[in-house]
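Shown below: start_17.tsv, with TSV, C-alpha atoms and all ligand atoms.
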```tsv
chain	number	residue	atom	x	y	z
A	1	MET	CA	40.73	-8.07	20.12
A	2	MET	CA	37.03	-7.38	20.58
A	3	GLN	CA	34.81	-8.63	17.74
A	4	LYS	CA	32.95	-6.04	15.70
A	5	LEU	CA	29.73	-6.53	13.81
A	6	LYS	CA	29.58	-5.31	10.23
A	7	ILE	CA	26.25	-3.77	9.28
A	8	ALA	CA	25.33	-2.90	5.69
A	9	ILE	CA	23.10	0.11	5.19
A	10	GLN	CA	21.92	1.89	2.06
A	11	LYS	CA	24.51	4.36	0.75
A	12	SER	CA	21.94	6.89	-0.40
A	13	GLY	CA	18.24	6.67	-1.05
A	14	ARG	CA	14.97	6.28	0.76
A	15	LEU	CA	16.26	3.86	3.39
A	16	SER	CA	19.45	5.64	4.33
A	17	ASP	CA	18.04	8.47	6.47
A	18	GLY	CA	15.80	6.08	8.43
A	19	SER	CA	18.69	3.65	8.94
A	20	LEU	CA	21.11	6.35	10.14
A	21	ASN	CA	18.46	7.90	12.40
A	22	LEU	CA	17.77	4.56	14.04
A	23	ILE	CA	21.48	3.97	14.69
A	24	ARG	CA	21.92	7.49	16.08
A	25	GLN	CA	18.83	7.22	18.30
A	26	CYS	CA	20.41	4.05	19.71
A	27	GLY	CA	23.20	6.33	20.93
A	28	ILE	CA	25.72	4.93	18.42
A	29	LYS	CA	28.09	7.52	16.95
A	30	ILE	CA	29.00	7.21	13.28
A	31	PRO	CA	31.88	9.48	12.25
A	32	ARG	CA	30.89	9.45	8.58
A	33	MET	CA	33.19	11.09	6.07
A	34	LYS	CA	31.40	12.36	2.98
A	35	GLY	CA	31.60	9.76	0.22
A	36	ALA	CA	33.22	7.10	2.45
A	37	LEU	CA	31.92	3.57	1.91
A	38	LYS	CA	33.02	2.35	5.36
A	39	ALA	CA	32.93	3.79	8.88
A	40	GLU	CA	33.40	2.57	12.42
A	41	ALA	CA	31.22	3.51	15.38
A	42	SER	CA	33.28	5.26	18.02
A	43	ASN	CA	31.29	3.93	21.00
A	44	PHE	CA	29.84	0.54	19.95
A	45	PRO	CA	31.41	-2.55	18.28
A	46	LEU	CA	29.82	-1.82	14.92
A	47	GLU	CA	31.35	-1.18	11.50
A	48	PHE	CA	29.22	0.29	8.71
A	49	LEU	CA	29.31	-0.62	5.04
A	50	PHE	CA	27.43	1.84	2.82
A	51	LEU	CA	26.06	-0.13	-0.13
A	52	ARG	CA	23.29	-0.24	-2.74
A	53	ASP	CA	20.23	-1.62	-1.00
A	54	ASP	CA	19.53	-4.29	-3.62
A	55	ASP	CA	23.03	-5.73	-3.01
A	56	ILE	CA	22.54	-5.95	0.77
A	57	PRO	CA	20.69	-9.33	1.00
A	58	GLY	CA	23.46	-11.00	-1.05
A	59	TYR	CA	26.27	-9.48	1.02
A	60	VAL	CA	24.54	-10.54	4.23
A	61	GLN	CA	24.00	-14.08	2.95
A	62	ASP	CA	27.70	-14.33	2.04
A	63	GLY	CA	28.82	-12.90	5.39
A	64	VAL	CA	30.51	-9.84	3.84
A	65	ALA	CA	28.22	-8.02	6.29
A	66	ASP	CA	26.83	-9.71	9.43
A	67	LEU	CA	23.74	-7.51	9.49
A	68	GLY	CA	21.85	-5.39	7.00
A	69	ILE	CA	19.01	-2.91	6.96
A	70	VAL	CA	16.93	-3.45	3.86
A	71	GLY	CA	13.33	-3.16	2.66
A	72	ALA	CA	11.26	-6.36	2.94
A	73	ASN	CA	10.64	-5.92	-0.80
A	74	GLU	CA	14.36	-6.44	-1.55
A	75	ALA	CA	14.79	-9.16	1.08
A	76	VAL	CA	11.94	-11.23	-0.38
A	77	GLU	CA	12.71	-10.45	-4.04
A	78	LYS	CA	16.38	-11.44	-3.75
A	79	ASP	CA	15.34	-14.64	-1.92
A	80	LYS	CA	18.73	-15.06	-0.19
A	81	ASN	CA	19.47	-17.24	2.80
A	82	VAL	CA	19.31	-14.61	5.56
A	83	ASP	CA	17.56	-14.43	8.95
A	84	THR	CA	15.04	-11.67	9.59
A	85	ILE	CA	15.86	-10.38	13.07
A	86	HIS	CA	13.39	-7.53	13.39
A	87	HIS	CA	10.77	-5.39	11.64
A	88	LEU	CA	12.02	-1.83	12.02
A	89	GLY	CA	8.78	0.04	11.29
A	90	PHE	CA	10.09	2.67	8.86
A	91	SER	CA	10.13	2.98	5.04
A	92	LYS	CA	6.65	1.50	4.95
A	93	CYS	CA	5.33	1.09	1.45
A	94	ARG	CA	3.47	-1.45	-0.69
A	95	LEU	CA	4.13	-3.17	-3.97
A	96	SER	CA	1.16	-2.60	-6.26
A	97	ILE	CA	-0.02	-3.29	-9.76
A	98	ALA	CA	-1.20	-0.17	-11.63
A	99	ILE	CA	-2.80	0.31	-15.03
A	100	PRO	CA	-3.59	3.39	-17.18
A	101	LYS	CA	-6.20	5.53	-15.44
A	102	GLU	CA	-8.78	5.42	-18.21
A	103	GLN	CA	-8.84	1.60	-18.39
A	104	GLU	CA	-11.69	-0.32	-16.83
A	105	TYR	CA	-10.76	-2.83	-14.14
A	106	ASN	CA	-13.08	-5.50	-12.75
A	107	GLY	CA	-10.62	-7.79	-11.02
A	108	ILE	CA	-7.39	-9.72	-11.30
A	109	GLN	CA	-8.64	-11.80	-14.27
A	110	ASP	CA	-8.51	-8.57	-16.37
A	111	LEU	CA	-4.70	-8.86	-16.22
A	112	ASP	CA	-4.66	-12.31	-17.84
A	113	GLY	CA	-2.49	-12.27	-20.98
A	114	LYS	CA	-1.25	-8.73	-20.28
A	115	SER	CA	2.35	-7.57	-19.96
A	116	ILE	CA	3.54	-6.05	-16.67
A	117	ALA	CA	6.79	-4.10	-16.19
A	118	THR	CA	8.47	-4.41	-12.79
A	119	SER	CA	11.74	-4.56	-10.85
A	120	TYR	CA	10.17	-7.29	-8.68
A	121	PRO	CA	9.65	-10.29	-11.00
A	122	LYS	CA	9.78	-12.86	-8.20
A	123	ILE	CA	7.21	-11.26	-5.88
A	124	LEU	CA	4.95	-10.45	-8.83
A	125	GLY	CA	5.40	-13.92	-10.39
A	126	ASP	CA	4.54	-15.65	-7.10
A	127	PHE	CA	1.44	-13.47	-6.68
A	128	LEU	CA	0.18	-14.13	-10.23
A	129	THR	CA	0.79	-17.89	-9.89
A	130	GLU	CA	-1.16	-17.93	-6.64
A	131	LYS	CA	-4.04	-16.13	-8.35
A	132	GLY	CA	-3.88	-18.41	-11.42
A	133	VAL	CA	-3.28	-15.47	-13.78
A	134	LYS	CA	-0.76	-15.64	-16.65
A	135	CYS	CA	1.10	-12.44	-17.57
A	136	ASP	CA	4.21	-11.53	-19.47
A	137	ILE	CA	6.60	-10.05	-16.88
A	138	HIS	CA	9.10	-7.47	-18.23
A	139	GLU	CA	11.90	-6.95	-15.75
A	140	ILE	CA	13.22	-3.39	-15.78
A	141	SER	CA	15.44	-1.78	-13.19
A	142	GLY	CA	14.01	1.72	-12.83
A	143	SER	CA	11.50	4.36	-14.03
A	144	VAL	CA	8.91	1.60	-14.18
A	145	GLU	CA	5.98	4.05	-14.20
A	146	ILE	CA	6.80	5.17	-17.72
A	147	ALA	CA	6.36	1.69	-19.24
A	148	PRO	CA	2.66	1.94	-20.24
A	149	ASN	CA	3.17	5.46	-21.69
A	150	ILE	CA	5.90	4.28	-24.05
A	151	GLY	CA	4.15	1.06	-25.05
A	152	LEU	CA	6.58	-1.22	-23.18
A	153	ALA	CA	3.90	-2.91	-21.07
A	154	ASP	CA	0.16	-2.82	-20.35
A	155	ALA	CA	0.62	-2.43	-16.60
A	156	ILE	CA	3.31	-1.91	-13.98
A	157	CYS	CA	4.10	-3.37	-10.57
A	158	ASP	CA	6.05	-0.98	-8.38
A	159	LEU	CA	6.46	0.43	-4.88
A	160	VAL	CA	3.83	2.94	-3.77
A	161	SER	CA	3.49	4.99	-0.61
A	162	THR	CA	1.29	8.03	-1.32
A	163	GLY	CA	0.33	7.15	-4.90
A	164	SER	CA	1.39	10.58	-6.21
A	165	THR	CA	3.96	9.17	-8.68
A	166	LEU	CA	1.28	6.91	-10.14
A	167	MET	CA	-1.07	9.87	-10.49
A	168	GLN	CA	1.58	11.99	-12.21
A	169	ASN	CA	2.00	9.20	-14.75
A	170	ASN	CA	-1.73	8.74	-15.38
A	171	LEU	CA	-1.86	5.37	-13.65
A	172	LYS	CA	-4.24	3.91	-11.07
A	173	GLU	CA	-3.46	1.30	-8.43
A	174	VAL	CA	-5.58	-1.84	-8.91
A	175	GLU	CA	-3.92	-4.54	-6.75
A	176	SER	CA	-1.75	-4.17	-3.67
A	177	ILE	CA	0.33	-7.37	-3.63
A	178	PHE	CA	2.96	-6.96	-0.88
A	179	LYS	CA	3.46	-4.79	2.22
A	180	SER	CA	7.01	-3.67	2.93
A	181	GLU	CA	8.98	-1.98	5.69
A	182	ALA	CA	12.64	-1.84	6.68
A	183	LEU	CA	13.97	-5.10	8.13
A	184	LEU	CA	17.08	-5.95	10.12
A	185	ILE	CA	18.53	-9.07	8.52
A	186	ALA	CA	21.50	-11.22	9.60
A	187	THR	CA	23.82	-13.89	8.27
A	188	PRO	CA	22.61	-17.29	9.56
A	189	GLY	CA	24.87	-19.04	12.08
A	190	LEU	CA	26.78	-16.06	13.50
A	191	SER	CA	29.18	-16.69	16.40
A	192	GLU	CA	27.95	-16.39	20.00
A	193	GLU	CA	30.10	-13.29	20.41
A	194	LYS	CA	28.44	-11.60	17.44
A	195	LYS	CA	24.99	-12.66	18.65
A	196	GLU	CA	25.72	-10.95	21.95
A	197	ILE	CA	26.43	-7.68	20.13
A	198	ILE	CA	23.15	-8.13	18.20
A	199	ASP	CA	21.35	-8.60	21.54
A	200	GLN	CA	22.83	-5.33	22.82
A	201	LEU	CA	21.72	-3.55	19.65
A	202	MET	CA	18.24	-5.11	19.82
A	203	PHE	CA	17.90	-4.02	23.46
A	204	ARG	CA	18.34	-0.41	22.30
A	205	ILE	CA	16.07	-0.79	19.25
A	206	ASN	CA	13.30	-2.32	21.40
A	207	ALA	CA	13.58	0.54	23.91
A	208	LEU	CA	13.06	3.04	21.06
A	209	GLN	CA	10.15	1.17	19.49
A	210	THR	CA	8.36	0.63	22.82
A	211	ALA	CA	8.78	4.33	23.58
A	212	ASP	CA	7.35	5.21	20.17
A	213	ASN	CA	4.19	3.19	20.81
A	214	ASN	CA	3.56	4.73	24.24
A	215	LYS	CA	3.02	8.18	25.70
A	216	TYR	CA	3.57	9.60	29.16
A	217	ILE	CA	0.28	10.98	30.45
A	218	LEU	CA	-0.24	13.43	33.32
A	219	LEU	CA	-3.67	14.53	34.49
A	220	ASN	CA	-5.49	15.95	37.46
A	221	ALA	CA	-8.13	13.61	38.84
A	222	PRO	CA	-10.93	14.39	41.32
A	223	LYS	CA	-10.30	12.14	44.35
A	224	GLU	CA	-13.91	10.98	44.31
A	225	ASN	CA	-13.47	9.44	40.82
A	226	LEU	CA	-9.89	8.26	41.23
A	227	ASP	CA	-10.74	4.55	41.02
A	228	THR	CA	-12.68	5.01	37.77
A	229	ILE	CA	-9.79	7.01	36.27
A	230	LEU	CA	-7.15	4.49	37.41
A	231	ASN	CA	-9.15	1.66	35.85
A	232	LEU	CA	-8.94	3.50	32.54
A	233	LEU	CA	-5.14	3.85	32.93
A	234	PRO	CA	-3.53	0.51	33.72
A	235	GLY	CA	0.01	1.99	33.38
A	236	MET	CA	3.32	0.11	33.36
A	237	ARG	CA	3.03	-1.34	36.87
A	238	SER	CA	0.97	1.15	38.80
A	239	PRO	CA	0.43	4.89	38.22
A	240	SER	CA	2.15	7.53	40.38
A	241	ILE	CA	-0.30	9.61	42.41
A	242	LEU	CA	0.87	12.96	43.73
A	243	PRO	CA	-0.98	15.36	46.05
A	244	LEU	CA	-2.08	18.78	44.78
A	245	ALA	CA	-2.67	22.09	46.59
A	246	ASP	CA	-6.39	21.59	45.94
A	247	GLU	CA	-6.96	18.60	48.19
A	248	SER	CA	-10.02	17.42	46.29
A	249	PHE	CA	-7.72	16.55	43.34
A	250	VAL	CA	-4.57	14.43	42.84
A	251	SER	CA	-2.11	14.39	39.96
A	252	VAL	CA	-1.86	11.03	38.14
A	253	HIS	CA	1.24	10.17	36.08
A	254	THR	CA	1.45	7.03	33.98
A	255	VAL	CA	2.17	5.55	30.57
A	256	ILE	CA	-0.50	4.76	28.00
A	257	ALA	CA	-0.39	3.08	24.60
A	258	GLU	CA	-0.87	5.76	21.95
A	259	ASP	CA	-3.79	3.87	20.38
A	260	ASP	CA	-5.53	3.46	23.75
A	261	PHE	CA	-5.27	7.15	24.55
A	262	TRP	CA	-7.63	8.28	21.78
A	263	SER	CA	-10.21	5.64	22.67
A	264	LYS	CA	-10.14	6.56	26.38
A	265	ILE	CA	-9.99	10.34	26.30
A	266	GLU	CA	-13.79	10.84	26.37
A	267	GLU	CA	-14.16	8.43	29.32
A	268	LEU	CA	-11.34	10.20	31.20
A	269	LYS	CA	-13.02	13.57	30.68
A	270	ALA	CA	-16.42	12.16	31.67
A	271	ALA	CA	-14.82	10.93	34.92
A	272	GLY	CA	-13.66	14.50	35.65
A	273	ALA	CA	-10.00	14.30	34.53
A	274	GLU	CA	-8.59	17.77	33.88
A	275	GLY	CA	-5.38	19.32	32.59
A	276	ILE	CA	-4.48	16.24	30.58
A	277	LEU	CA	-0.92	16.36	29.18
A	278	VAL	CA	0.41	13.72	26.79
A	279	VAL	CA	4.17	13.73	26.37
A	280	PRO	CA	6.39	11.71	24.00
A	281	ILE	CA	8.79	9.20	25.56
A	282	GLU	CA	12.30	8.97	24.10
A	283	LYS	CA	13.30	5.51	25.35
A	284	MET	CA	11.37	2.94	27.37
A	285	ILE	CA	12.71	-0.17	29.05
A	286	LEU	CA	10.13	-2.56	30.44
B	1	LIG	P1	15.18	3.82	-3.29
B	1	LIG	O1	16.03	4.71	-2.48
B	1	LIG	O2	14.11	4.54	-4.08
B	1	LIG	O3	15.99	2.84	-4.10
B	1	LIG	O4	14.33	2.92	-2.27
B	1	LIG	C1	14.98	2.12	-1.32
B	1	LIG	C2	13.99	1.35	-0.55
B	1	LIG	O5	13.14	2.25	0.17
B	1	LIG	C3	13.03	0.47	-1.34
B	1	LIG	O6	13.59	-0.77	-1.69
B	1	LIG	C4	11.89	0.33	-0.37
B	1	LIG	O7	12.16	-0.64	0.63
B	1	LIG	C5	11.85	1.71	0.26
B	1	LIG	N1	10.92	2.57	-0.51
B	1	LIG	C6	10.85	2.73	-1.83
B	1	LIG	N2	9.86	3.54	-2.19
B	1	LIG	C7	9.30	3.91	-1.06
B	1	LIG	C8	8.25	4.78	-0.77
B	1	LIG	N3	7.56	5.39	-1.72
B	1	LIG	N4	7.94	4.97	0.52
B	1	LIG	C9	8.64	4.38	1.49
B	1	LIG	N5	9.67	3.52	1.27
B	1	LIG	C10	9.99	3.30	0.01
```
Structure translated into structure tokens:
Amino acid sequence: MMQKLKIAIQKSGRLSDGSLNLIRQCGIKIPRMKGALKAEASNFPLEFLFLRDDDIPGYVQDGVADLGIVGANEAVEKDKNVDTIHHLGFSKCRLSIAIPKEQEYNGIQDLDGKSIATSYPKILGDFLTEKGVKCDIHEISGSVEIAPNIGLADAICDLVSTGSTLMQNNLKEVESIFKSEALLIATPGLSEEKKEIIDQLMFRINALQTADNNKYILLNAPKENLDTILNLLPGMRSPSILPLADESFVSVHTVIAEDDFWSKIEELKAAGAEGILVVPIEKMIL
């Protein structure tokens, strides 16, 4: 019988939509029944376990699941023996220390001797030790932002993305201590057969991520400036050049890194490029 890989993903919460989207964009079909804790892909050797995200590193370490999608914050905090296979680029957030808005803050030494409430005692503890600051860490499992308002702690250390939850709770961010994003983690020492399935999955994930970082660009270039324009557009191997009805122009089609596009647009226009179209790419295989 063909081996299947078991992948643990968050049952519900901020990671689950991103995880399911990634799997679906890889062309893998998940016939998920509402409330089911397990499912099998119909067109790929993958079985899904829907779990709490903070349990995922432990289950992956123990081999209950071969793979897991989990935030770097949980992977590092739980400190389990797992391999990080890939940074997935979604659920980006940071772990930050915040204090009541009205309090003055001149630097990390202001936290010395203070109490900090957090669900991330290991990451926070390591950071404070590195900085040579001693604090009393109160571990709590949720609603951390309320701690200073109810006198439980002087400060908090929690995940932040926009900062709006901190603002609503009259807190201000004073130290960003850890950057997080979704990771693909694996049980160390998987069989060759399972590693081959991971390679197939990674091939698809890489095609999506490369496509995300690049755009397909089409433009009309005056023949007299074609060399200048082509130098600005190195492309994958070499751009396609198509004739146009107006023989003084050609149409240039190529791929450009999204970041490069904005820095080159003025130079392209200065070289006479016209009718510039920039189109998203769904999948890209180099
Ligand atoms: P939750 O569903 O709130 O338990 O969050 C699950 C995971 O999503 C966390 O462990 C983080 O990796 C990530 N996450 C949490 N908060 C945010 C946020 N504000 N923005 C983006 N990702 C987040």
As a PDB file with C-alpha atoms, keeping the file's coordinate frame, please: every protein or nucleic acid residue near ligand LIG 1 (chain B) (cut-off 8 Å, counting all atoms listed in the file).
```
ATOM      1  CA  GLN A  10      21.920   1.890   2.060  1.00  0.00           C
ATOM      2  CA  SER A  12      21.940   6.890  -0.400  1.00  0.00           C
ATOM      3  CA  GLY A  13      18.240   6.670  -1.050  1.00  0.00           C
ATOM      4  CA  ARG A  14      14.970   6.280   0.760  1.00  0.00           C
ATOM      5  CA  LEU A  15      16.260   3.860   3.390  1.00  0.00           C
ATOM      6  CA  SER A  16      19.450   5.640   4.330  1.00  0.00           C
ATOM      7  CA  ASP A  53      20.230  -1.620  -1.000  1.00  0.00           C
ATOM      8  CA  ASP A  54      19.530  -4.290  -3.620  1.00  0.00           C
ATOM      9  CA  VAL A  70      16.930  -3.450   3.860  1.00  0.00           C
ATOM     10  CA  GLY A  71      13.330  -3.160   2.660  1.00  0.00           C
ATOM     11  CA  ALA A  72      11.260  -6.360   2.940  1.00  0.00           C
ATOM     12  CA  ASN A  73      10.640  -5.920  -0.800  1.00  0.00           C
ATOM     13  CA  GLU A  74      14.360  -6.440  -1.550  1.00  0.00           C
ATOM     14  CA  PHE A  90      10.090   2.670   8.860  1.00  0.00           C
ATOM     15  CA  SER A  91      10.130   2.980   5.040  1.00  0.00           C
ATOM     16  CA  LYS A  92       6.650   1.500   4.950  1.00  0.00           C
ATOM     17  CA  CYS A  93       5.330   1.090   1.450  1.00  0.00           C
ATOM     18  CA  ARG A  94       3.470  -1.450  -0.690  1.00  0.00           C
ATOM     19  CA  LEU A 159       6.460   0.430  -4.880  1.00  0.00           C
ATOM     20  CA  VAL A 160       3.830   2.940  -3.770  1.00  0.00           C
ATOM     21  CA  SER A 161       3.490   4.990  -0.610  1.00  0.00           C
ATOM     22  CA  THR A 162       1.290   8.030  -1.320  1.00  0.00           C
ATOM     23  CA  SER A 180       7.010  -3.670   2.930  1.00  0.00           C
ATOM     24  CA  GLU A 181       8.980  -1.980   5.690  1.00  0.00           C
ATOM     25  CA  ALA A 182      12.640  -1.840   6.680  1.00  0.00           C
TER      26      ALA A 182
END
```
Item to check | 9 Å contact set for Gly63 of chain A, all atoms listed in the file, chain neighbours under 2 positions out, as a PyMOL selection string | outcome: chain A and resi 58-61+65-67+186-188+190
Considering only C-alpha atoms, tabulate each residue of segment 163-273 of chain A that lies at most 8 Å from segment 21-36 of chain A along with its nearest interatomic pair and the corresponding distance in Å to one decimal; arrange the rows by chain and ascending residue number and present them as a Markdown table.
```
| residue | atom | partner | partner_atom | distance |
| --- | --- | --- | --- | --- |
| A:Leu201 | CA | A:Cys26 | CA | 7.7 |
| A:Arg204 | CA | A:Cys26 | CA | 5.6 |
| A:Ile205 | CA | A:Cys26 | CA | 6.5 |
| A:Leu208 | CA | A:Cys26 | CA | 7.5 |
```
Go ahead and write the selection's residues with C-alpha atoms as a PDB file, keeping the file's coordinate frame.
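Wrote it out as result28.pdb, contents follow:
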```pdb
ATOM      1  CA  LEU A 201      21.720  -3.550  19.650  1.00  0.00           C
ATOM      2  CA  ARG A 204      18.340  -0.410  22.300  1.00  0.00           C
ATOM      3  CA  ILE A 205      16.070  -0.790  19.250  1.00  0.00           C
ATOM      4  CA  LEU A 208      13.060   3.040  21.060  1.00  0.00           C
TER       5      LEU A 208
END
```
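Between Asn106 of chain A and the residues A:Glu175, A:Ile56, A:Ala155, A:Gly163, the shortest atom-to-atom distance, using all atoms listed in the file, involves A:Glu175.
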Item to check | Answer as a ChimeraX atom specification, residues within 7 Å of (-0.6, 4.3, -13.7) using all atoms listed in the file | outcome: /A:98-101,145,166-167,169-173
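For the pair atom CA of Ser96 of chain A and atom CA of Leu111 of chain A, the interatomic distance is 13.1 Å.
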Reconstruct N, CA and C atoms of segment 14-35 of chain A; output as an mmCIF file, in the frame of the given file.
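As written to disk, out12.cif reads:
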```cif
data_model
loop_
_atom_site.group_PDB
_atom_site.id
_atom_site.type_symbol
_atom_site.label_atom_id
_atom_site.label_comp_id
_atom_site.auth_asym_id
_atom_site.auth_seq_id
_atom_site.Cartn_x
_atom_site.Cartn_y
_atom_site.Cartn_z
ATOM 1 N N ARG A 14 16.086 6.115 -0.173
ATOM 2 C CA ARG A 14 14.970 6.280 0.760
ATOM 3 C C ARG A 14 15.127 5.545 2.082
ATOM 4 N N LEU A 15 16.067 4.583 2.130
ATOM 5 C CA LEU A 15 16.260 3.860 3.390
ATOM 6 C C LEU A 15 17.367 4.458 4.225
ATOM 7 N N SER A 16 18.235 5.267 3.595
ATOM 8 C CA SER A 16 19.450 5.640 4.330
ATOM 9 C C SER A 16 19.184 6.578 5.497
ATOM 10 N N ASP A 17 18.300 7.564 5.341
ATOM 11 C CA ASP A 17 18.040 8.470 6.470
ATOM 12 C C ASP A 17 17.438 7.710 7.652
ATOM 13 N N GLY A 18 16.446 6.859 7.362
ATOM 14 C CA GLY A 18 15.800 6.080 8.430
ATOM 15 C C GLY A 18 16.807 5.182 9.138
ATOM 16 N N SER A 19 17.707 4.561 8.357
ATOM 17 C CA SER A 19 18.690 3.650 8.940
ATOM 18 C C SER A 19 19.654 4.414 9.838
ATOM 19 N N LEU A 20 20.159 5.558 9.339
ATOM 20 C CA LEU A 20 21.110 6.350 10.140
ATOM 21 C C LEU A 20 20.445 6.925 11.378
ATOM 22 N N ASN A 21 19.186 7.367 11.229
ATOM 23 C CA ASN A 21 18.460 7.900 12.400
ATOM 24 C C ASN A 21 18.315 6.858 13.478
ATOM 25 N N LEU A 22 17.949 5.645 13.058
ATOM 26 C CA LEU A 22 17.770 4.560 14.040
ATOM 27 C C LEU A 22 19.065 4.317 14.798
ATOM 28 N N ILE A 23 20.177 4.237 14.063
ATOM 29 C CA ILE A 23 21.480 3.970 14.690
ATOM 30 C C ILE A 23 21.824 5.096 15.667
ATOM 31 N N ARG A 24 21.574 6.337 15.224
ATOM 32 C CA ARG A 24 21.920 7.490 16.080
ATOM 33 C C ARG A 24 21.036 7.525 17.321
ATOM 34 N N GLN A 25 19.730 7.217 17.129
ATOM 35 C CA GLN A 25 18.830 7.220 18.300
ATOM 36 C C GLN A 25 19.210 6.128 19.290
ATOM 37 N N CYS A 26 19.904 5.100 18.805
ATOM 38 C CA CYS A 26 20.410 4.050 19.710
ATOM 39 C C CYS A 26 21.658 4.523 20.445
ATOM 40 N N GLY A 27 22.046 5.765 20.224
ATOM 41 C CA GLY A 27 23.200 6.330 20.930
ATOM 42 C C GLY A 27 24.527 5.907 20.308
ATOM 43 N N ILE A 28 24.487 5.394 19.071
ATOM 44 C CA ILE A 28 25.720 4.930 18.420
ATOM 45 C C ILE A 28 26.248 6.041 17.513
ATOM 46 N N LYS A 29 27.510 6.397 17.710
ATOM 47 C CA LYS A 29 28.090 7.520 16.950
ATOM 48 C C LYS A 29 28.779 7.023 15.692
ATOM 49 N N ILE A 30 28.389 7.613 14.550
ATOM 50 C CA ILE A 30 29.000 7.210 13.280
ATOM 51 C C ILE A 30 29.786 8.406 12.736
ATOM 52 N N PRO A 31 31.113 8.363 12.789
ATOM 53 C CA PRO A 31 31.880 9.480 12.250
ATOM 54 C C PRO A 31 31.981 9.338 10.725
ATOM 55 N N ARG A 32 30.914 9.730 10.013
ATOM 56 C CA ARG A 32 30.890 9.450 8.580
ATOM 57 C C ARG A 32 31.561 10.556 7.775
ATOM 58 N N MET A 33 32.526 10.150 6.972
ATOM 59 C CA MET A 33 33.190 11.090 6.070
ATOM 60 C C MET A 33 32.377 11.100 4.793
ATOM 61 N N LYS A 34 32.186 12.276 4.212
ATOM 62 C CA LYS A 34 31.400 12.360 2.980
ATOM 63 C C LYS A 34 31.995 11.438 1.908
ATOM 64 N N GLY A 35 31.147 10.621 1.313
ATOM 65 C CA GLY A 35 31.600 9.760 0.220
ATOM 66 C C GLY A 35 32.252 8.462 0.673
#
```
